[in-house]
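What follows is the content of structure15.cif, which has mmCIF, C-alpha atoms and all ligand atoms:
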```cif
data_work
loop_
_atom_site.label_atom_id
_atom_site.label_comp_id
_atom_site.auth_asym_id
_atom_site.auth_seq_id
_atom_site.Cartn_x
_atom_site.Cartn_y
_atom_site.Cartn_z
CA MET A 5 4.06 12.44 20.58
CA ILE A 6 5.34 13.48 17.12
CA ASN A 7 2.56 14.30 14.68
CA PRO A 8 2.10 11.76 11.89
CA THR A 9 3.14 12.72 8.37
CA LEU A 10 -0.30 11.81 7.06
CA SER A 11 -3.48 11.54 9.05
CA VAL A 12 -6.36 10.14 7.02
CA GLN A 13 -9.70 10.67 8.69
CA HIS A 14 -13.01 9.07 7.70
CA LEU A 15 -12.11 9.09 4.02
CA SER A 16 -14.70 7.74 1.57
CA VAL A 17 -14.31 7.58 -2.21
CA GLU A 18 -17.09 6.67 -4.61
CA TYR A 19 -17.30 6.02 -8.33
CA ARG A 20 -20.33 6.87 -10.39
CA ALA A 21 -21.42 3.93 -12.52
CA ARG A 22 -24.51 3.20 -14.60
CA ARG A 23 -25.78 0.69 -12.09
CA GLY A 24 -25.24 2.97 -9.10
CA THR A 25 -22.54 4.22 -6.77
CA VAL A 26 -19.43 2.11 -6.29
CA LYS A 27 -18.30 2.55 -2.69
CA ALA A 28 -14.62 1.94 -3.32
CA VAL A 29 -13.23 3.38 -0.08
CA ARG A 30 -15.44 3.57 3.00
CA ASP A 31 -14.73 5.59 6.09
CA VAL A 32 -11.00 4.88 6.20
CA THR A 33 -9.01 6.31 9.12
CA PHE A 34 -5.30 5.76 9.77
CA ASP A 35 -2.06 7.60 10.50
CA LEU A 36 1.16 7.29 8.58
CA ARG A 37 3.92 7.91 11.08
CA ARG A 38 7.17 9.64 10.27
CA GLY A 39 9.63 7.34 8.56
CA GLU A 40 7.42 4.27 8.83
CA SER A 41 6.44 1.82 6.14
CA LEU A 42 2.75 0.93 6.04
CA ALA A 43 1.53 -1.86 3.76
CA LEU A 44 -2.04 -1.95 2.47
CA ILE A 45 -2.95 -5.54 1.69
CA GLY A 46 -6.09 -7.21 0.38
CA GLU A 47 -7.60 -8.82 -2.70
CA SER A 48 -8.02 -6.97 -5.98
CA GLY A 49 -10.92 -4.56 -5.70
CA SER A 50 -10.55 -4.03 -1.96
CA GLY A 51 -9.90 -0.30 -2.43
CA LYS A 52 -6.12 -0.17 -1.97
CA THR A 53 -5.25 1.61 -5.20
CA THR A 54 -8.25 3.96 -5.03
CA LEU A 55 -7.12 4.94 -1.54
CA GLY A 56 -3.53 5.53 -2.72
CA LEU A 57 -4.70 7.66 -5.65
CA ALA A 58 -7.03 9.65 -3.41
CA LEU A 59 -4.11 10.52 -1.10
CA VAL A 60 -2.51 12.48 -3.95
CA ARG A 61 -5.87 13.39 -5.48
CA LEU A 62 -5.18 11.54 -8.68
CA HIS A 63 -8.39 9.55 -8.66
CA VAL A 64 -10.17 9.38 -12.01
CA ARG A 65 -12.87 11.88 -12.93
CA ALA A 66 -15.63 9.37 -12.35
CA ALA A 67 -14.54 9.15 -8.72
CA ARG A 68 -15.33 11.66 -6.00
CA ILE A 69 -14.20 12.01 -2.44
CA ALA A 70 -17.49 11.78 -0.59
CA GLN A 71 -16.16 12.67 2.85
CA GLY A 72 -13.07 12.86 5.01
CA LYS A 73 -9.80 14.67 5.52
CA ILE A 74 -6.21 13.96 4.51
CA LEU A 75 -4.06 15.96 6.91
CA TYR A 76 -0.46 16.26 5.81
CA GLN A 77 2.36 17.62 7.93
CA GLY A 78 5.73 18.11 6.30
CA ASP A 79 8.14 20.70 7.68
CA GLY A 80 5.44 23.35 8.19
CA PRO A 81 2.02 23.39 9.82
CA PRO A 82 -0.44 20.64 8.85
CA TYR A 83 -2.97 21.16 6.08
CA ASP A 84 -5.77 19.20 4.47
CA VAL A 85 -4.73 17.93 1.04
CA LEU A 86 -8.38 18.04 -0.01
CA THR A 87 -8.42 21.84 0.31
CA LEU A 88 -5.39 22.51 -1.94
CA ASN A 89 -5.89 24.45 -5.18
CA HIS A 90 -4.41 23.33 -8.48
CA GLU A 91 -1.00 24.99 -8.01
CA GLN A 92 -0.67 23.94 -4.37
CA LEU A 93 -1.55 20.40 -5.38
CA ARG A 94 1.16 20.42 -8.05
CA GLN A 95 3.68 21.43 -5.41
CA PHE A 96 2.38 18.80 -2.99
CA ARG A 97 2.70 16.00 -5.52
CA TRP A 98 6.23 14.80 -5.98
CA ARG A 99 7.78 17.41 -3.63
CA GLU A 100 5.88 16.21 -0.55
CA CYS A 101 4.22 13.00 -1.65
CA ALA A 102 5.17 10.96 -4.71
CA MET A 103 3.39 7.94 -6.11
CA VAL A 104 4.70 5.22 -8.41
CA PHE A 105 1.75 3.66 -10.17
CA GLN A 106 1.09 0.03 -10.84
CA GLY A 107 2.67 -1.05 -14.14
CA ALA A 108 4.08 2.43 -14.68
CA GLN A 109 7.35 1.04 -15.97
CA ASN A 110 5.54 0.63 -19.28
CA SER A 111 4.43 4.26 -19.43
CA PHE A 112 7.76 5.93 -20.12
CA ASN A 113 7.76 7.94 -23.34
CA PRO A 114 9.50 5.48 -25.70
CA VAL A 115 11.12 8.17 -27.88
CA LEU A 116 12.75 10.17 -25.08
CA ARG A 117 15.88 9.23 -23.23
CA ILE A 118 15.55 8.68 -19.49
CA GLN A 119 17.48 11.90 -18.84
CA ALA A 120 14.95 13.98 -20.79
CA GLN A 121 12.08 12.45 -18.82
CA ILE A 122 13.87 13.15 -15.55
CA TYR A 123 14.59 16.78 -16.55
CA ASP A 124 10.95 17.24 -17.61
CA THR A 125 9.66 15.94 -14.30
CA ALA A 126 12.05 18.11 -12.30
CA ARG A 127 11.22 21.28 -14.27
CA ASP A 128 7.51 20.62 -14.01
CA HIS A 129 7.85 20.63 -10.24
CA GLY A 130 10.01 23.74 -9.97
CA LEU A 131 13.56 22.29 -10.05
CA ASN A 132 14.98 24.30 -12.94
CA SER A 133 18.67 23.59 -12.61
CA ASN A 134 19.59 20.74 -14.95
CA ASP A 135 22.95 20.37 -13.20
CA GLU A 136 21.30 19.86 -9.83
CA THR A 137 18.71 17.51 -11.31
CA ARG A 138 21.40 15.50 -13.05
CA GLN A 139 23.47 15.23 -9.88
CA ASN A 140 20.47 14.12 -7.80
CA ALA A 141 19.31 11.67 -10.47
CA LEU A 142 22.72 10.05 -10.91
CA GLU A 143 23.04 9.61 -7.16
CA LEU A 144 19.59 8.03 -6.94
CA LEU A 145 20.26 5.75 -9.90
CA ARG A 146 23.40 4.61 -8.12
CA VAL A 147 21.45 3.93 -4.92
CA VAL A 148 18.91 1.84 -6.81
CA GLN A 149 21.85 -0.21 -8.06
CA LEU A 150 21.89 0.83 -11.69
CA ASP A 151 24.79 2.03 -13.78
CA PRO A 152 23.93 5.74 -13.49
CA GLN A 153 25.68 7.10 -16.57
CA ARG A 154 24.44 4.39 -18.89
CA VAL A 155 20.86 4.37 -17.66
CA PHE A 156 20.64 8.18 -17.65
CA ARG A 157 21.40 8.24 -21.38
CA SER A 158 19.29 5.20 -22.29
CA TYR A 159 15.96 4.96 -24.02
CA PRO A 160 13.32 3.01 -22.07
CA HIS A 161 13.41 0.08 -24.50
CA GLN A 162 17.10 -0.43 -23.69
CA LEU A 163 16.20 -1.25 -20.09
CA SER A 164 14.57 -4.37 -18.65
CA GLY A 165 11.28 -4.16 -16.70
CA GLY A 166 13.12 -4.37 -13.40
CA MET A 167 15.52 -1.60 -14.41
CA ARG A 168 12.63 0.64 -15.49
CA GLN A 169 10.91 0.01 -12.17
CA ARG A 170 14.08 1.05 -10.35
CA VAL A 171 14.33 4.18 -12.50
CA LEU A 172 10.74 5.01 -11.54
CA ILE A 173 11.44 4.58 -7.85
CA ALA A 174 14.49 6.85 -8.25
CA LEU A 175 12.33 9.35 -10.15
CA GLY A 176 9.76 9.25 -7.36
CA LEU A 177 12.46 10.28 -4.89
CA LEU A 178 14.03 12.94 -7.11
CA LEU A 179 12.52 15.84 -5.16
CA GLN A 180 13.03 14.11 -1.81
CA PRO A 181 9.35 13.71 -0.86
CA LYS A 182 8.39 12.91 2.72
CA VAL A 183 5.98 10.22 1.54
CA LEU A 184 6.39 7.67 -1.23
CA ILE A 185 3.42 5.56 -2.33
CA LEU A 186 4.29 2.44 -4.29
CA ASP A 187 1.47 0.54 -5.97
CA GLU A 188 2.38 -3.11 -6.58
CA PRO A 189 6.08 -2.33 -7.16
CA THR A 190 7.08 -5.92 -7.90
CA THR A 191 4.09 -7.19 -9.87
CA ALA A 192 5.03 -8.61 -13.28
CA LEU A 193 8.69 -8.86 -12.32
CA ASP A 194 10.55 -12.14 -12.06
CA ILE A 195 11.48 -13.45 -8.64
CA LEU A 196 15.12 -12.35 -8.72
CA THR A 197 14.17 -8.86 -9.84
CA GLN A 198 11.57 -8.72 -7.07
CA ARG A 199 14.32 -9.54 -4.60
CA ALA A 200 16.49 -6.76 -6.05
CA ILE A 201 13.64 -4.22 -5.77
CA ILE A 202 13.06 -5.20 -2.13
CA ASP A 203 16.77 -4.70 -1.38
CA VAL A 204 16.71 -1.35 -3.15
CA LEU A 205 13.69 -0.16 -1.18
CA ARG A 206 15.30 -1.20 2.10
CA ARG A 207 18.43 0.69 1.22
CA LEU A 208 16.53 3.78 0.08
CA ARG A 209 14.51 3.89 3.28
CA GLY A 210 17.69 3.68 5.29
CA GLU A 211 19.32 6.52 3.36
CA TYR A 212 16.39 8.89 2.77
CA GLN A 213 14.12 8.28 5.79
CA PHE A 214 10.84 8.83 3.94
CA SER A 215 7.51 7.34 4.94
CA LEU A 216 6.34 4.58 2.65
CA ILE A 217 2.87 3.36 1.74
CA LEU A 218 3.17 0.04 0.03
CA ILE A 219 0.11 -1.20 -1.84
CA SER A 220 0.36 -4.89 -2.53
CA HIS A 221 -1.47 -8.16 -2.62
CA ASP A 222 1.90 -9.85 -2.10
CA LEU A 223 2.05 -10.72 1.59
CA SER A 224 5.72 -11.64 1.51
CA LEU A 225 6.57 -8.19 0.18
CA ALA A 226 4.56 -6.60 2.99
CA ALA A 227 6.27 -8.84 5.53
CA GLU A 228 9.70 -7.86 4.22
CA LEU A 229 9.20 -4.12 4.03
CA ALA A 230 6.39 -2.98 6.31
CA ASP A 231 6.52 -1.77 9.89
CA ARG A 232 2.73 -1.88 10.08
CA VAL A 233 0.10 -3.55 7.92
CA ALA A 234 -3.49 -2.57 7.15
CA THR A 235 -5.80 -5.23 5.74
CA MET A 236 -8.48 -3.83 3.46
CA TYR A 237 -11.75 -5.50 2.59
CA ALA A 238 -14.61 -4.01 0.56
CA GLY A 239 -13.14 -0.52 0.84
CA ARG A 240 -12.53 -0.56 4.59
CA ILE A 241 -9.56 -1.19 6.82
CA VAL A 242 -10.59 -4.26 8.82
CA GLU A 243 -7.32 -4.84 10.66
CA LEU A 244 -4.34 -2.61 11.38
CA GLY A 245 -1.30 -3.47 13.42
CA ASP A 246 2.43 -4.10 13.63
CA VAL A 247 3.74 -6.42 10.97
CA GLU A 248 4.51 -9.02 13.66
CA ASP A 249 0.97 -8.86 15.02
CA ILE A 250 -0.64 -9.16 11.61
CA PHE A 251 1.49 -12.12 10.52
CA TYR A 252 1.86 -13.93 13.86
CA HIS A 253 -1.29 -12.88 15.70
CA PRO A 254 -4.01 -12.03 13.16
CA ARG A 255 -7.34 -11.19 14.78
CA HIS A 256 -9.56 -10.75 11.73
CA PRO A 257 -10.89 -13.79 9.82
CA TYR A 258 -10.11 -12.13 6.51
CA THR A 259 -6.46 -11.51 7.41
CA LEU A 260 -6.27 -15.09 8.64
CA GLY A 261 -7.77 -16.30 5.35
CA LEU A 262 -5.23 -14.31 3.35
CA LEU A 263 -2.37 -15.81 5.35
CA GLN A 264 -3.75 -19.31 4.98
CA SER A 265 -3.98 -19.00 1.23
CA VAL A 266 -0.26 -18.34 0.75
CA PRO A 267 1.49 -21.41 -0.69
CA THR A 268 4.73 -22.48 0.93
CA ILE A 269 7.69 -24.30 -0.50
CA THR A 270 7.95 -26.71 2.41
CA GLY A 271 4.33 -26.89 3.69
CA GLU A 272 1.94 -29.80 3.16
CA PHE A 273 -0.28 -29.48 0.12
CA GLU A 274 -3.45 -29.97 2.18
CA ASN A 275 -2.54 -27.08 4.47
CA LEU A 276 -3.30 -24.59 1.73
CA SER A 277 -6.78 -23.13 1.78
CA SER A 278 -8.52 -20.27 0.06
CA ILE A 279 -11.19 -17.82 1.14
CA LYS A 280 -14.48 -19.14 -0.18
CA GLY A 281 -16.64 -16.96 -2.43
CA SER A 282 -15.76 -13.70 -4.12
CA PRO A 283 -15.34 -10.10 -3.01
CA PRO A 284 -18.71 -8.33 -2.70
CA ASP A 285 -20.37 -6.10 -5.27
CA LEU A 286 -19.32 -2.62 -4.14
CA ILE A 287 -22.56 -1.15 -5.51
CA ASP A 288 -24.75 -3.52 -3.55
CA LEU A 289 -22.86 -4.40 -0.38
CA PRO A 290 -24.13 -7.05 2.03
CA SER A 291 -25.74 -5.96 5.27
CA GLY A 292 -23.77 -5.87 8.52
CA CYS A 293 -20.17 -7.00 8.27
CA LYS A 294 -19.35 -7.02 4.56
CA PHE A 295 -17.28 -10.18 4.99
CA HIS A 296 -20.07 -12.23 6.54
CA PRO A 297 -21.12 -14.20 3.41
CA ARG A 298 -17.57 -15.59 3.23
CA CYS A 299 -16.66 -15.76 6.89
CA PRO A 300 -16.44 -19.11 8.72
CA PHE A 301 -16.82 -17.26 12.05
CA ALA A 302 -20.03 -15.39 11.09
CA THR A 303 -23.05 -15.40 13.39
CA GLU A 304 -26.39 -13.62 13.33
CA VAL A 305 -25.02 -10.38 14.73
CA CYS A 306 -22.51 -10.21 11.86
CA LYS A 307 -25.37 -10.08 9.34
CA GLN A 308 -26.88 -7.11 11.08
CA VAL A 309 -24.15 -4.94 12.55
CA ASP A 310 -21.02 -3.73 10.75
CA PRO A 311 -18.36 -3.82 13.48
CA PRO A 312 -16.28 -0.67 13.98
CA LEU A 313 -12.49 -0.73 13.87
CA VAL A 314 -11.46 -0.77 17.53
CA ALA A 315 -8.23 -1.30 19.45
CA VAL A 316 -8.10 -4.86 20.78
CA GLU A 317 -4.50 -4.87 21.88
CA ARG A 318 -1.77 -2.28 22.03
CA ASP A 319 -1.40 -0.71 18.59
CA HIS A 320 -3.61 -3.39 17.06
CA GLN A 321 -7.06 -2.54 15.70
CA VAL A 322 -9.67 -4.95 14.36
CA ALA A 323 -13.19 -4.65 12.96
CA CYS A 324 -14.73 -7.97 13.96
CA HIS A 325 -17.38 -9.06 16.48
CA HIS A 326 -15.57 -12.34 17.08
CA TRP A 327 -11.88 -11.41 17.10
CA GLU A 328 -11.44 -13.26 20.38
CA GLN A 329 -12.48 -16.52 18.70
CA VAL A 330 -9.98 -15.86 15.95
CA LYS A 331 -7.36 -15.33 18.64
CA THR A 332 -8.26 -18.68 20.21
CA VAL A 333 -7.97 -20.43 16.85
CA VAL A 334 -4.63 -18.85 16.02
CA GLU A 335 -3.18 -19.59 19.44
CA SER A 336 -4.56 -23.13 19.63
CA ASP A 337 -2.67 -23.92 16.44
CA GLY A 338 0.58 -23.21 18.19
CA GLY A 339 0.00 -20.22 16.22
CA ARG A 340 2.59 -19.71 13.70
CA VAL A 341 2.30 -17.92 10.46
CA ALA A 342 5.83 -17.13 9.39
CA ALA A 343 7.05 -13.62 8.75
CA ASP A 344 7.25 -14.32 5.03
CA GLY A 345 3.52 -14.93 5.01
CA SER A 346 3.82 -18.72 4.97
CA ARG A 347 2.57 -21.03 7.70
CA THR A 348 5.02 -23.16 9.51
CA SER A 349 2.74 -25.58 11.33
CA SER A 350 -0.46 -27.50 10.77
CA THR A 351 -3.71 -26.18 9.39
CA LEU A 352 -5.62 -23.86 11.66
CA ARG A 353 -8.55 -25.57 13.30
CA PRO A 354 -12.02 -24.86 11.99
CA PRO A 355 -13.85 -22.23 14.02
CA SER A 356 -16.46 -24.76 15.14
CA ALA A 357 -13.77 -26.22 17.40
CA VAL A 358 -13.76 -23.07 19.48
CA ALA A 359 -17.27 -21.73 18.96
CA ALA A 360 -19.25 -21.40 22.16
FE1 LIG A 401 -16.61 -12.65 10.33
FE2 LIG A 401 -18.48 -11.62 11.91
FE3 LIG A 401 -15.96 -10.90 12.21
FE4 LIG A 401 -17.32 -10.11 10.10
S1 LIG A 401 -17.74 -9.57 12.21
S2 LIG A 401 -15.28 -10.89 10.11
S3 LIG A 401 -18.58 -11.90 9.69
S4 LIG A 401 -16.82 -12.94 12.55
#
```
Write the structure described by the file as structure tokens, please.
Ligand code: SF4
Amino acid sequence: MINPTLSVQHLSVEYRARRGTVKAVRDVTFDLRRGESLALIGESGSGKTTLGLALVRLHVRAARIAQGKILYQGDGPPYDVLTLNHEQLRQFRWRECAMVFQGAQNSFNPVLRIQAQIYDTARDHGLNSNDETRQNALELLRVVQLDPQRVFRSYPHQLSGGMRQRVLIALGLLLQPKVLILDEPTTALDILTQRAIIDVLRRLRGEYQFSLILISHDLSLAAELADRVATMYAGRIVELGDVEDIFYHPRHPYTLGLLQSVPTITGEFENLSSIKGSPPDLIDLPSGCKFHPRCPFATEVCKQVDPPLVAVERDHQVACHHWEQVKTVVESDGGRVAADGSRTSSTLRPPSAVAA
């Protein structure tokens, strides 16, 4: 079996706060396979962005990696990103693994043309030939469906939000990294621009064959672009599987709740439901399964024992004591949650209908 590009093992990230320690990422383990697209989904505050930042060690100073390994394997032997020194880390970022931050389209330097910002980035990461940089950049701008010559010479304010986002994605790929992390790449963009970004990402993946980590609360984006999906809750991965399995055969009540809360254009109004309650306080987490105060499937054991993430079907892992009940509910509904994240049939039955 080919080694994964990234192998994250038992990673935990904490923030120091006045009230105590914020456990933002807890014991996260997953592989990012070569050329695959993995979506991290979940509510705000579930740890997705902290995890993404930790992968390139760009977490804020108040955060610390409490435990774990991030094994990266590019063309050479694997190494642990957490052991890299400052210079090695600079080489790793952008050349091996690039990240486009949430809302970063607003962080271009407003008084520099795009070309100057591209040259700066390239030089800072060891690509000193302006000719080569220019050639690569123009090609990438073309692939992201922009007018390369015009955009290259433009100032940021001369571009729309969607155009700036596309420039950033092109910039992220300038040094041909093996891994691209995109944090909410379509948030704050209008629906047509979102569509264009999705098309661009599809095309880029086809042409450049990089692995993609897509951080998003937008289930339809995950459904469109991901090969596999990881659902995060309270800093942990609670379900991980093929995109088809997650959207058609969810086995975790939280994933099911996320899918049920997506509005549809054609669905009945009463079919829409939301997950009751709020995400937990990450300083003072509930006992047992952290989802139990909000979970309609919860029983006594859930309040006491935090279930491990285990394989329940081929290539499908779930952290839930009662995943089989969730399976019964999903399948008894005729089971369909469409690939765009919307449901196509009636409301899922309440868990009491299948509880023993
Ligand atoms: Fe719900 Fe229990 Fe499963 Fe947690 S372990 S998700 S509380 S059923």
Might you pull out every residue within 8 Å of stretch 126-136 of chain A, with all atoms listed in the file counted and same-chain residues fewer than 2 positions away left off, and present them as a list in words? Arg94, Gln95, Trp98, Arg99, Ile122, Tyr123, Asp124, Arg138, Gln139, Asn140, Leu178 and Leu179 of chain A
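Shortest atom-to-atom contact with ligand LIG 401 (chain A) among A:Lys331, A:Arg206, A:Arg154, A:Lys294: A:Lys294, counting only C-alpha atoms and all ligand atoms.
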Just to confirm, what's the straight-line distance from atom CA of A:Phe214 to atom CA of A:Met167 in Å (one decimal)?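 Calculated distance between atom CA of A:Phe214 and atom CA of A:Met167 is 21.6 Å.
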Considering all atoms listed in the file, can you say which of A:Val155, A:Leu10, A:Leu244, A:Val32 comes closest to A:Glu317? A:Leu244
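Closest approach to ligand LIG 401 (chain A) among A:Val309, A:Ile217, A:Val12, A:Val334: A:Val309, based on only C-alpha atoms and all ligand atoms.
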If you take every atom of ligand LIG 401 (chain A) that the file lists and fit an axis-aligned box around them with 8 Å extra on each side, what centre and edge lengths come out in Å to one decimal, as AutoDock Vina command-line options?
```
--center_x -16.9 --center_y -11.3 --center_z 11.1 --size_x 19.3 --size_y 19.4 --size_z 18.9
```
Mind dumping a table of every chain A residue within 6 Å of ligand LIG 401 (chain A), with the nearest atom pair and its distance in Å to one decimal, using only C-alpha atoms and all ligand atoms, sorted by chain and rising number, as JSON lines?
```
{"residue": "A:His256", "atom": "CA", "partner": "A:LIG401", "partner_atom": "S2", "distance": 5.9}
{"residue": "A:Pro257", "atom": "CA", "partner": "A:LIG401", "partner_atom": "S2", "distance": 5.3}
{"residue": "A:Cys293", "atom": "CA", "partner": "A:LIG401", "partner_atom": "FE4", "distance": 4.6}
{"residue": "A:Phe295", "atom": "CA", "partner": "A:LIG401", "partner_atom": "FE4", "distance": 5.1}
{"residue": "A:His296", "atom": "CA", "partner": "A:LIG401", "partner_atom": "S3", "distance": 3.5}
{"residue": "A:Cys299", "atom": "CA", "partner": "A:LIG401", "partner_atom": "FE1", "distance": 4.6}
{"residue": "A:Phe301", "atom": "CA", "partner": "A:LIG401", "partner_atom": "S4", "distance": 4.3}
{"residue": "A:Ala302", "atom": "CA", "partner": "A:LIG401", "partner_atom": "S3", "distance": 4.0}
{"residue": "A:Cys306", "atom": "CA", "partner": "A:LIG401", "partner_atom": "FE2", "distance": 4.3}
{"residue": "A:Pro311", "atom": "CA", "partner": "A:LIG401", "partner_atom": "S1", "distance": 5.9}
{"residue": "A:Cys324", "atom": "CA", "partner": "A:LIG401", "partner_atom": "FE3", "distance": 3.6}
{"residue": "A:His325", "atom": "CA", "partner": "A:LIG401", "partner_atom": "S1", "distance": 4.3}
{"residue": "A:His326", "atom": "CA", "partner": "A:LIG401", "partner_atom": "S4", "distance": 4.7}
```
Taking (9.1, 2.4, 3.3) in the file's coordinates, which residues come within 7 Å, counting only C-alpha atoms, written as a PyMOL selection string? chain A and resi 40-41+205+209+214-217+229-230
Computed interatomic separation between atom CA of A:Pro290 and atom CA of A:Ile219 (Å): 25.2 Å
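Here the question is which of A:Phe112, A:Val104, A:His14, A:Gln119 gets nearest to A:Gln71 using only C-alpha atoms, and that residue is A:His14.
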What's around A:Gln13 at 7 Å? Count only C-alpha atoms, leave out sequence neighbours fewer than 2 positions away in its own chain, and write the answer as number ranges by chain. A: 11, 15, 32-34, 72-74
